Amino acid sequence: MDAGFKREIEQKVAAGERLSREDGIGLYESDDLAWLGGLAHQVRTRKNGNVVHFNINRHLNMTNVCTASCAYCSFQRKPGEMDAYTMRIEEAVKLAKAMENDQLTELHLVNGLHPTLPWRYYPRSIRALKEALPPTVAVKAFTATEIHHFESISGLPASEILDELIDAGMESLTGGGAEIFDWEIRQHIVDHRTHWEDWSRIHRLAHEKGIKTPCTMLYGHIEEPRHRVDHVLRLRELQDETGGFQVFIPLRYQHDFHDSMDGKERNRLMSRTKMATPTESLKTFAVSRLLFDNVPHVKVFWVMHGLQTAQLALNHGADDIDGSVVEYKITHDADNYGTPDKMSRESLLDLIRDAGFQPVERNTLYQTVREYEGPDPEIRETPQPMRV
């Protein structure tokens with residue numbers, strides 16, 4: 001990399017100056033990960049100090065039946081397939097209530113695009129879950145893709161759909177359905193109607209209604225760095241307009257080692273892709289933190305990156321490590337990576353402290369639930385085993 005470019009980037013970062021599209025592409029061309037990580041760490045420290053956020057949450061997927069057949073997805077099933085399922089609302093409530101004693105603060109709800117479930121199933125689910133759980137538990141539910149699907153099955157506009165879901169108790173959308181926005185790539189990986197125009201329209205509506213949302217990017221498949229830069233800059237421009245995104249979450253594309261009981265290979269990208277290496281993941285976190293200057297938080301979802309890479313990401317721009325998760329069916333971070341199915345509060349505290357940071361438990365709105373002691377000042381030389 002040209003020394004002049006490096007000096008220019010360093011000066012911009014030090015001054016808090018916005019980086020350009022060309023800057024972002026140039027940063028991806030750098031092979032100096034320590035330099036990139038150091039710059040990103042400056043920005044995350046400026047915004048969030050020595051803190052790493054986490055929460056106690058549970059993911060719940062009430063149905064895997066889906067009209068779409070996205071190229072990267074092994075989660076979806078068609079009606080009548082062997083391991084297709086749709087939960088009764090009472091079953092979902094039972095699963096959510098099982099975590100009450102863990103002081104759950106967030107229920108994260110995402111589903112397939114079911115072809116026959118009526119629209120009313122969804123607000124009724126939210127209302128039943130809210131009524132059954134303590135008032136401190138926020139329901140973060142549905143992707144923009146699902147909201148767009150609800151428009152089709154209900155005949156209602158997204159604004160009315162959001163109003164009804166908010167009235168039922170929904171406090172945030174999820175960030176999914178974003179994948180990669182550039183049509184050059186999107187047309188090959190996504191099999192539904194929700195593209196940038198509708199995804200951004202729905203999040204804009206949510207922000208106008210006072211709902212804060214996360215945003216995501218699925219990376220490490222057939223896209224190139226320029227597509228990642230384009231994706232982040234679209235989100236940055238929308239954030240300039242609304243201020244409604246509270247966290248950006250880069251999600252690593254997964255090969256699925258544990259496929260369905262019927263033996264079908266639904267991930268059609270597997271034969272021509274490799275998963276992003278830890279180095280590529282850390283570069284993606286660093287460049288994203290440097291480009292996305294107007295979003296307060298960057299989250300590393302440990303389920304999709306593994307525990308060691310998640311710890312390293314905290315020194316490459318990330319300041320949030322997600323939470324207990326419990327169950328995440330949409331992608332599989334299989335035993336090949338040594339990643340557990342869930343994490344206890346104590347394990348999350350250990351993970352954060354072992355990386356050298358102070359843990360802060362948050363709620364969905366990034367309000368502090370509890371601050372914990374930071375790492376031992378006599379820093380340990382080797383990471384300690386997690387309690388899982």
# chains A, B, ... in the order shown; residues from 1 in each chain; ligands from 1
call {"tool": "residues_around", "arguments": {"residues": "Leu36 (chain A)", "least_positions_apart": "5", "cutoff": "12 Å", "atoms": "only C-alpha atoms", "output": "number ranges by chain"}}
result
A: 1, 6, 9-10, 13, 24, 26-31, 41-43, 279-280, 282-291, 313, 315-317
call {"tool": "closest_atom_pairs", "arguments": {"of": "region 80-157 of chain A", "to": "region 318-324 of chain A", "cutoff": "12 Å", "atoms": "only C-alpha atoms", "output": "tab-separated table"}}
result
residue	atom	partner	partner_atom	distance
A:Met99	CA	A:Ser324	CA	10.4
A:Asp102	CA	A:Ser324	CA	9.8
A:Gln103	CA	A:Ser324	CA	11.1
A:Leu104	CA	A:Ser324	CA	9.2
A:Thr105	CA	A:Gly323	CA	10.1
A:Glu106	CA	A:Gly323	CA	9.3
A:Leu107	CA	A:Ser324	CA	10.9
A:His108	CA	A:Gly323	CA	10.9
call {"tool": "select_by_dssp", "arguments": {"residues": "region 135-173 of chain A", "states": "alpha helix (DSSP H)", "output": "JSON, numbers by chain"}}
result
{"A": [144, 145, 146, 147, 148, 149, 150, 151, 152, 153, 154, 158, 159, 160, 161, 162, 163, 164, 165, 166, 167, 168]}
call {"tool": "write_last_selection", "arguments": {"atoms": "C-alpha atoms", "output": "PDB file, in the first residue's frame"}}
result
ATOM      1  CA  ALA A 144     -37.705  -6.118   6.560  1.00  0.00           C
ATOM      2  CA  THR A 145     -38.172  -9.078   4.201  1.00  0.00           C
ATOM      3  CA  GLU A 146     -40.836 -10.476   6.528  1.00  0.00           C
ATOM      4  CA  ILE A 147     -42.575  -7.090   6.794  1.00  0.00           C
ATOM      5  CA  HIS A 148     -42.620  -6.921   2.982  1.00  0.00           C
ATOM      6  CA  HIS A 149     -44.109 -10.447   2.949  1.00  0.00           C
ATOM      7  CA  PHE A 150     -46.765  -9.328   5.448  1.00  0.00           C
ATOM      8  CA  GLU A 151     -47.741  -6.557   3.034  1.00  0.00           C
ATOM      9  CA  SER A 152     -48.431  -9.226   0.396  1.00  0.00           C
ATOM     10  CA  ILE A 153     -50.467 -11.561   2.578  1.00  0.00           C
ATOM     11  CA  SER A 154     -52.437  -8.870   4.423  1.00  0.00           C
ATOM     12  CA  ALA A 158     -45.961  -1.472   5.824  1.00  0.00           C
ATOM     13  CA  SER A 159     -46.799   1.587   7.915  1.00  0.00           C
ATOM     14  CA  GLU A 160     -50.028  -0.007   9.206  1.00  0.00           C
ATOM     15  CA  ILE A 161     -48.302  -3.368   9.695  1.00  0.00           C
ATOM     16  CA  LEU A 162     -45.598  -1.737  11.816  1.00  0.00           C
ATOM     17  CA  ASP A 163     -48.208   0.167  13.826  1.00  0.00           C
ATOM     18  CA  GLU A 164     -50.058  -3.053  14.626  1.00  0.00           C
ATOM     19  CA  LEU A 165     -46.879  -4.927  15.555  1.00  0.00           C
ATOM     20  CA  ILE A 166     -45.717  -2.038  17.749  1.00  0.00           C
ATOM     21  CA  ASP A 167     -49.133  -1.972  19.433  1.00  0.00           C
ATOM     22  CA  ALA A 168     -48.782  -5.720  20.095  1.00  0.00           C
TER      23      ALA A 168
END
call {"tool": "residues_around", "arguments": {"residues": "Ala141 (chain A)", "least_positions_apart": "2", "cutoff": "8 Å", "atoms": "only C-alpha atoms", "output": "PyMOL selection string"}}
result
chain A and resi 107-110+139+143+170-174
call {"tool": "write_last_selection", "arguments": {"atoms": "N, CA and C atoms", "output": "PDB file, in the first residue's frame"}}
result
ATOM      1  N   LEU A 107     -35.990 -11.052  23.366  1.00  0.00           N
ATOM      2  CA  LEU A 107     -36.420 -12.188  22.569  1.00  0.00           C
ATOM      3  C   LEU A 107     -36.304 -11.793  21.103  1.00  0.00           C
ATOM      4  N   HIS A 108     -35.534 -12.568  20.349  1.00  0.00           N
ATOM      5  CA  HIS A 108     -35.217 -12.253  18.952  1.00  0.00           C
ATOM      6  C   HIS A 108     -35.974 -13.244  18.068  1.00  0.00           C
ATOM      7  N   LEU A 109     -36.895 -12.735  17.261  1.00  0.00           N
ATOM      8  CA  LEU A 109     -37.841 -13.575  16.528  1.00  0.00           C
ATOM      9  C   LEU A 109     -37.680 -13.363  15.022  1.00  0.00           C
ATOM     10  N   VAL A 110     -37.305 -14.439  14.295  1.00  0.00           N
ATOM     11  CA  VAL A 110     -37.180 -14.404  12.835  1.00  0.00           C
ATOM     12  C   VAL A 110     -37.723 -15.714  12.291  1.00  0.00           C
ATOM     13  N   VAL A 139     -39.130  -7.481  22.765  1.00  0.00           N
ATOM     14  CA  VAL A 139     -39.296  -8.372  21.616  1.00  0.00           C
ATOM     15  C   VAL A 139     -38.748  -7.659  20.381  1.00  0.00           C
ATOM     16  N   THR A 143     -37.613  -9.458  10.055  1.00  0.00           N
ATOM     17  CA  THR A 143     -36.754  -8.733   9.128  1.00  0.00           C
ATOM     18  C   THR A 143     -37.619  -7.833   8.242  1.00  0.00           C
ATOM     19  N   MET A 170     -43.990  -5.197  19.846  1.00  0.00           N
ATOM     20  CA  MET A 170     -42.692  -5.245  19.179  1.00  0.00           C
ATOM     21  C   MET A 170     -41.924  -3.958  19.432  1.00  0.00           C
ATOM     22  N   GLU A 171     -40.662  -4.092  19.859  1.00  0.00           N
ATOM     23  CA  GLU A 171     -39.862  -2.907  20.183  1.00  0.00           C
ATOM     24  C   GLU A 171     -38.726  -2.637  19.209  1.00  0.00           C
ATOM     25  N   SER A 172     -38.437  -3.580  18.332  1.00  0.00           N
ATOM     26  CA  SER A 172     -37.401  -3.378  17.323  1.00  0.00           C
ATOM     27  C   SER A 172     -37.603  -4.370  16.197  1.00  0.00           C
ATOM     28  N   LEU A 173     -37.250  -3.961  14.981  1.00  0.00           N
ATOM     29  CA  LEU A 173     -37.068  -4.924  13.913  1.00  0.00           C
ATOM     30  C   LEU A 173     -35.719  -5.610  14.098  1.00  0.00           C
ATOM     31  N   THR A 174     -35.495  -6.698  13.381  1.00  0.00           N
ATOM     32  CA  THR A 174     -34.166  -7.275  13.283  1.00  0.00           C
ATOM     33  C   THR A 174     -33.494  -6.693  12.036  1.00  0.00           C
TER      34      THR A 174
END
call {"tool": "atom_distance", "arguments": {"atom1": "CA of Thr194 (chain A)", "atom2": "CA of Ile25 (chain A)"}}
result
26.5 Å
call {"tool": "atom_distance", "arguments": {"atom1": "CA of Leu129 (chain A)", "atom2": "CA of Gln367 (chain A)"}}
result
21.8 Å
call {"tool": "closest_residue", "arguments": {"among": "A:Cys66, A:Ile189, A:Val137, A:Ile249", "to": "Asn111 (chain A)", "atoms": "only C-alpha atoms"}}
result
A:Cys66
call {"tool": "residues_around", "arguments": {"residues": "Ala355 (chain A)", "least_positions_apart": "5", "cutoff": "8 Å", "atoms": "only C-alpha atoms", "output": "list in words"}}
result
Gln311, Leu312 and Leu314 of chain A
call {"tool": "write_last_selection", "arguments": {"atoms": "C-alpha atoms", "output": "mmCIF file, in the first residue's frame"}}
result
data_model
loop_
_atom_site.group_PDB
_atom_site.id
_atom_site.type_symbol
_atom_site.label_atom_id
_atom_site.label_comp_id
_atom_site.auth_asym_id
_atom_site.auth_seq_id
_atom_site.Cartn_x
_atom_site.Cartn_y
_atom_site.Cartn_z
ATOM 1 C CA GLN A 311 -12.483 -11.811 20.864
ATOM 2 C CA LEU A 312 -10.047 -10.527 18.244
ATOM 3 C CA LEU A 314 -13.141 -6.521 19.767
#
call {"tool": "residues_around", "arguments": {"residues": "Met62 (chain A)", "least_positions_apart": "3", "cutoff": "9 Å", "atoms": "only C-alpha atoms", "output": "number ranges by chain"}}
result
A: 85-89, 91-92, 109-112
call {"tool": "write_last_selection", "arguments": {"atoms": "N, CA and C atoms", "output": "JSON list (two decimals), in the first residue's frame"}}
result
[["chain", "number", "residue", "atom", "x", "y", "z"],
["A", 85, "TYR", "N", -41.34, -27.25, 9.98],
["A", 85, "TYR", "CA", -42.11, -27.12, 11.21],
["A", 85, "TYR", "C", -42.72, -25.71, 11.29],
["A", 86, "THR", "N", -43.81, -25.62, 12.02],
["A", 86, "THR", "CA", -44.42, -24.34, 12.38],
["A", 86, "THR", "C", -44.93, -24.47, 13.81],
["A", 87, "MET", "N", -44.48, -23.59, 14.68],
["A", 87, "MET", "CA", -44.86, -23.66, 16.09],
["A", 87, "MET", "C", -46.25, -23.08, 16.33],
["A", 88, "ARG", "N", -46.96, -23.71, 17.25],
["A", 88, "ARG", "CA", -48.12, -23.05, 17.81],
["A", 88, "ARG", "C", -47.64, -21.92, 18.71],
["A", 89, "ILE", "N", -48.44, -20.90, 18.87],
["A", 89, "ILE", "CA", -48.04, -19.76, 19.68],
["A", 89, "ILE", "C", -47.73, -20.20, 21.10],
["A", 91, "GLU", "N", -46.46, -22.96, 22.09],
["A", 91, "GLU", "CA", -45.14, -23.60, 22.12],
["A", 91, "GLU", "C", -44.03, -22.55, 22.16],
["A", 92, "ALA", "N", -44.19, -21.49, 21.38],
["A", 92, "ALA", "CA", -43.20, -20.42, 21.39],
["A", 92, "ALA", "C", -43.13, -19.75, 22.76],
["A", 109, "LEU", "N", -36.89, -12.73, 17.26],
["A", 109, "LEU", "CA", -37.84, -13.57, 16.53],
["A", 109, "LEU", "C", -37.68, -13.36, 15.02],
["A", 110, "VAL", "N", -37.30, -14.44, 14.30],
["A", 110, "VAL", "CA", -37.18, -14.40, 12.84],
["A", 110, "VAL", "C", -37.72, -15.71, 12.29],
["A", 111, "ASN", "N", -38.39, -15.66, 11.15],
["A", 111, "ASN", "CA", -39.04, -16.84, 10.58],
["A", 111, "ASN", "C", -38.78, -16.94, 9.08],
["A", 112, "GLY", "N", -39.21, -18.07, 8.51],
["A", 112, "GLY", "CA", -39.31, -18.16, 7.07],
["A", 112, "GLY", "C", -40.53, -17.39, 6.57]]
call {"tool": "closest_residue", "arguments": {"among": "A:Pro377, A:Thr368, A:Leu156, A:Gly16", "to": "Gly356 (chain A)", "atoms": "only C-alpha atoms"}}
result
A:Pro377
call {"tool": "closest_residue", "arguments": {"among": "A:Asn267, A:Leu33, A:Leu19, A:Phe245", "to": "Ser281 (chain A)", "atoms": "only C-alpha atoms"}}
result
A:Leu33
call {"tool": "atom_distance", "arguments": {"atom1": "CA of Val325 (chain A)", "atom2": "CA of His59 (chain A)"}}
result
5.6 Å
